[in-house]
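> Following this message is one structure expressed as structure tokens.
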Amino acid sequence: MTINCMSGTIFEEVEKVKSELVDFMKLHSKRICEWQEGTIKKEEYKHHRLWEYAMAIAFTNPQSGQRILDAGGANSVLSWFLASKGIHVVSNDLNKRNVANAAKNNKYFGFPNIEYRIENICEMVPSGHFDYVYNICVIEHVMEHFRLDREKSRPTDFWNKYEPPQEEWAIESRFVKSLASQVKPGGLLVISFAYATKQGNIGGNSCHVCAYMRSPEDVLKRIVEPSKFSIYGGDLDMSLVSRQHPIGIIFLRP
């Protein structure tokens with residue numbers, strides 16, 4: 001795991017938020033139909049997605065009344081958890097089924113402060129309306145949606161050895177720019193991502209499944225530069241990445 005801010009008591013706060021998330025999931029998971037995360041089992045409480053959610057929340061510390069975009073997160077526990085705190089959440093997704101399930105599930109919660117949208121994140125109209133834009137565990141799948149047919153002919157170690165075609169980089173760059181266009185002045189863009197270890201795989205998955213970041217230079221070139229934002233919270237530090245938890249998160253400010 002890694003983050004671009006390593007100071008203070010942030011990790012104590014992350015553990016606190018993570019515990020709150022687990023309690024929230026325990027309380028509600030049995031009542032939720034077709035929960036995107038699946039049944040919440042004890043051994044899944046340490047899943048990296050919870051760490052990403054907790055890190056994003058702990059560092060930004062969103063408050064009641066603020067507006068948050070959970071980009072690509074329809075039907076995720078993050079949106080419901082934030083809504084339970086009185087935060088106005090817009091949750092969008094390209095997957096119509098995810099959005100439909102999220103709206104169905106929200107009938108159980110009854111949160112009036114969640115808005116669901118079927119939306120291509122690459123093509124969002126610039127708004128600058130959100131205090132925080134969270135994009136959790138999505139960016140590594142952006143190219144994937146646009147190259148499924150081509151992928152069948154690629155070697156399984158493609159992401160270790162080769163560079164994707166230029167049009168795929170352009171899609172990812174447009175994705176990041178679109179996210180940045182939603183952040184209000186003084187707000188933050190939060191992006192978590194799969195990060196390659198020296199062994200060249202991500203948590204045992206086939207290397208061609210996700211377009212993961214392969215180096216700090218990748219993070220700068222593919223996330224920071226297209227956003228035209230500045231890294232917030234300290235220098236980019238990838239030293240804590242491990243084979244077991246190859247996940248990074250970065251905070252960017254306009």
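FYI, nothing fancy with the structure tokens labels: chains A, B, ... in order, residues from 1 per chain, ligands from 1 as they appear.
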Each residue of range 58-121 of chain A with at least one atom at most 10 Å from range 185-195 of chain A should appear once, together with its nearest atom pair and the corresponding distance in Å (one decimal); atoms considered: only C-alpha atoms; ordering: chain, then increasing residue number; output as a tab-separated table.

```
residue	atom	partner	partner_atom	distance
A:Phe59	CA	A:Val190	CA	9.7
A:Thr60	CA	A:Leu188	CA	7.8
A:Ile68	CA	A:Gly187	CA	9.9
A:Leu69	CA	A:Leu189	CA	9.6
A:Asp70	CA	A:Val190	CA	9.9
A:Ala71	CA	A:Ile191	CA	9.8
```
> Please extract the residues of range 63-159 of chain A with a backbone DSSP assignment of strand (DSSP E or B) and present them as a list of chain:residue names.
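Taking range 63-159 of chain A and keeping strand (DSSP E or B) only, one gets A:Arg67, A:Ile68, A:Leu69, A:Asp70, A:Ala71, A:His88, A:Val89, A:Val90, A:Ser91, A:Asn92, A:Asp93, A:Ile114, A:Glu115, A:Tyr116, A:Arg117, A:Ile118, A:Phe130, A:Asp131, A:Tyr132, A:Val133, A:Tyr134, A:Asn135.
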> Near Ala170 in chain A, within 10 Å and counting only C-alpha atoms, which residues show up once chain neighbours fewer than 3 positions away are dropped, as a PDB file with N, CA and C atoms, in the first residue's frame?

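Result saved to result.pdb:
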```pdb
ATOM      1  N   MET A 143      -9.145   1.401 -19.732  1.00  0.00           N
ATOM      2  CA  MET A 143      -8.757   0.916 -21.059  1.00  0.00           C
ATOM      3  C   MET A 143      -9.444  -0.401 -21.382  1.00  0.00           C
ATOM      4  N   PRO A 165      -1.398   0.806 -27.291  1.00  0.00           N
ATOM      5  CA  PRO A 165      -1.469   1.763 -28.395  1.00  0.00           C
ATOM      6  C   PRO A 165      -1.816   3.156 -27.890  1.00  0.00           C
ATOM      7  N   GLN A 166      -1.457   4.155 -28.662  1.00  0.00           N
ATOM      8  CA  GLN A 166      -1.638   5.542 -28.254  1.00  0.00           C
ATOM      9  C   GLN A 166      -3.096   5.885 -27.963  1.00  0.00           C
ATOM     10  N   GLU A 167      -4.025   5.285 -28.729  1.00  0.00           N
ATOM     11  CA  GLU A 167      -5.432   5.624 -28.511  1.00  0.00           C
ATOM     12  C   GLU A 167      -5.925   5.164 -27.142  1.00  0.00           C
ATOM     13  N   SER A 173      -6.294   9.246 -20.404  1.00  0.00           N
ATOM     14  CA  SER A 173      -6.028  10.655 -20.150  1.00  0.00           C
ATOM     15  C   SER A 173      -7.327  11.456 -20.131  1.00  0.00           C
ATOM     16  N   ARG A 174      -8.240  11.147 -21.050  1.00  0.00           N
ATOM     17  CA  ARG A 174      -9.538  11.829 -21.093  1.00  0.00           C
ATOM     18  C   ARG A 174     -10.340  11.529 -19.830  1.00  0.00           C
ATOM     19  N   PHE A 175     -10.206  10.322 -19.338  1.00  0.00           N
ATOM     20  CA  PHE A 175     -10.884   9.905 -18.109  1.00  0.00           C
ATOM     21  C   PHE A 175     -10.435  10.767 -16.932  1.00  0.00           C
ATOM     22  N   ARG A 222       0.402   9.419 -16.035  1.00  0.00           N
ATOM     23  CA  ARG A 222      -0.947   8.967 -16.388  1.00  0.00           C
ATOM     24  C   ARG A 222      -2.046   9.538 -15.496  1.00  0.00           C
ATOM     25  N   PRO A 226      -2.212  14.573 -16.632  1.00  0.00           N
ATOM     26  CA  PRO A 226      -3.486  14.846 -17.314  1.00  0.00           C
ATOM     27  C   PRO A 226      -4.464  15.663 -16.467  1.00  0.00           C
TER      28      PRO A 226
END
```
> Which residues, written as a ChimeraX atom specification, have at least one atom at most 12 Å from Tyr116 in chain A, with only C-alpha atoms counted and residues fewer than 4 positions away on the same chain left out?
/A:69-76,79-80,88-106,111-112
> List the spatial neighbours of Gly86 in chain A as a list in words - criterion: any atom at most 9 Å away, only C-alpha atoms, same-chain residues fewer than 5 positions off excluded.
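So, after excluding close chain neighbours, the residues are Gln63, Ser64, Gly65, Gln66 and Asn113 of chain A.
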> Those same residues - N, CA and C atoms - I'd like them written as a PDB file, in the first residue's frame.

```pdb
ATOM      1  N   GLN A  63     -17.662  16.386   5.376  1.00  0.00           N
ATOM      2  CA  GLN A  63     -18.612  16.831   6.387  1.00  0.00           C
ATOM      3  C   GLN A  63     -20.025  16.868   5.831  1.00  0.00           C
ATOM      4  N   SER A  64     -21.002  16.793   6.719  1.00  0.00           N
ATOM      5  CA  SER A  64     -22.409  16.878   6.337  1.00  0.00           C
ATOM      6  C   SER A  64     -22.654  18.151   5.540  1.00  0.00           C
ATOM      7  N   GLY A  65     -23.401  18.007   4.452  1.00  0.00           N
ATOM      8  CA  GLY A  65     -23.707  19.152   3.605  1.00  0.00           C
ATOM      9  C   GLY A  65     -22.784  19.307   2.423  1.00  0.00           C
ATOM     10  N   GLN A  66     -21.626  18.660   2.451  1.00  0.00           N
ATOM     11  CA  GLN A  66     -20.719  18.736   1.312  1.00  0.00           C
ATOM     12  C   GLN A  66     -21.210  17.839   0.179  1.00  0.00           C
ATOM     13  N   ASN A 113     -30.323  11.809  -0.094  1.00  0.00           N
ATOM     14  CA  ASN A 113     -29.151  12.582  -0.479  1.00  0.00           C
ATOM     15  C   ASN A 113     -28.171  11.788  -1.348  1.00  0.00           C
TER      16      ASN A 113
END
```
> What is the CA of Trp51 in chain A to CA of Lys18 in chain A distance in Å?
6.8 Å
> Separation of CA of Val183 in chain A and CA of Pro254 in chain A, in Å?
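It comes out at 7.7 Å.
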> Skip Val219 in chain A itself and residues of its chain fewer than 4 positions away, then list as a list in words all residues within 10 Å of it, counting only C-alpha atoms.
Phe193, Tyr195, Tyr212, Met213, Arg214, Ser215, Ile223, Val224, Glu225, Leu236, Met238, Gly248, Ile249 and Ile250 of chain A
> Those residues you just picked out, can you put them in a file as a short mmCIF file (atom, residue, chain, number, x, y, z; two decimals), in the first residue's frame with C-alpha atoms?

```cif
data_model
loop_
_atom_site.label_atom_id
_atom_site.label_comp_id
_atom_site.auth_asym_id
_atom_site.auth_seq_id
_atom_site.Cartn_x
_atom_site.Cartn_y
_atom_site.Cartn_z
CA PHE A 193 -5.09 2.46 -8.41
CA TYR A 195 0.23 -0.74 -8.69
CA TYR A 212 -1.99 -1.06 -13.54
CA MET A 213 0.57 1.62 -12.80
CA ARG A 214 4.06 0.21 -13.27
CA SER A 215 6.24 2.90 -11.68
CA ILE A 223 -2.69 10.60 -13.42
CA VAL A 224 -1.01 13.79 -12.22
CA GLU A 225 -0.11 15.37 -15.56
CA LEU A 236 4.68 10.73 -4.04
CA MET A 238 5.67 4.24 -3.53
CA GLY A 248 -1.87 3.09 -4.25
CA ILE A 249 -3.90 6.23 -3.58
CA ILE A 250 -3.18 9.82 -4.50
#
```
> Would you mind writing down, as an MDAnalysis selection string, each residue of range 35-112 of chain A that DSSP on the backbone assigns to alpha helix (DSSP H)?
chainID A and resid 48:60 77:83 96:109
> Could you tell me how far CA of Pro62 in chain A sits from CA of Glu172 in chain A, in Å to one decimal place?
27.1 Å
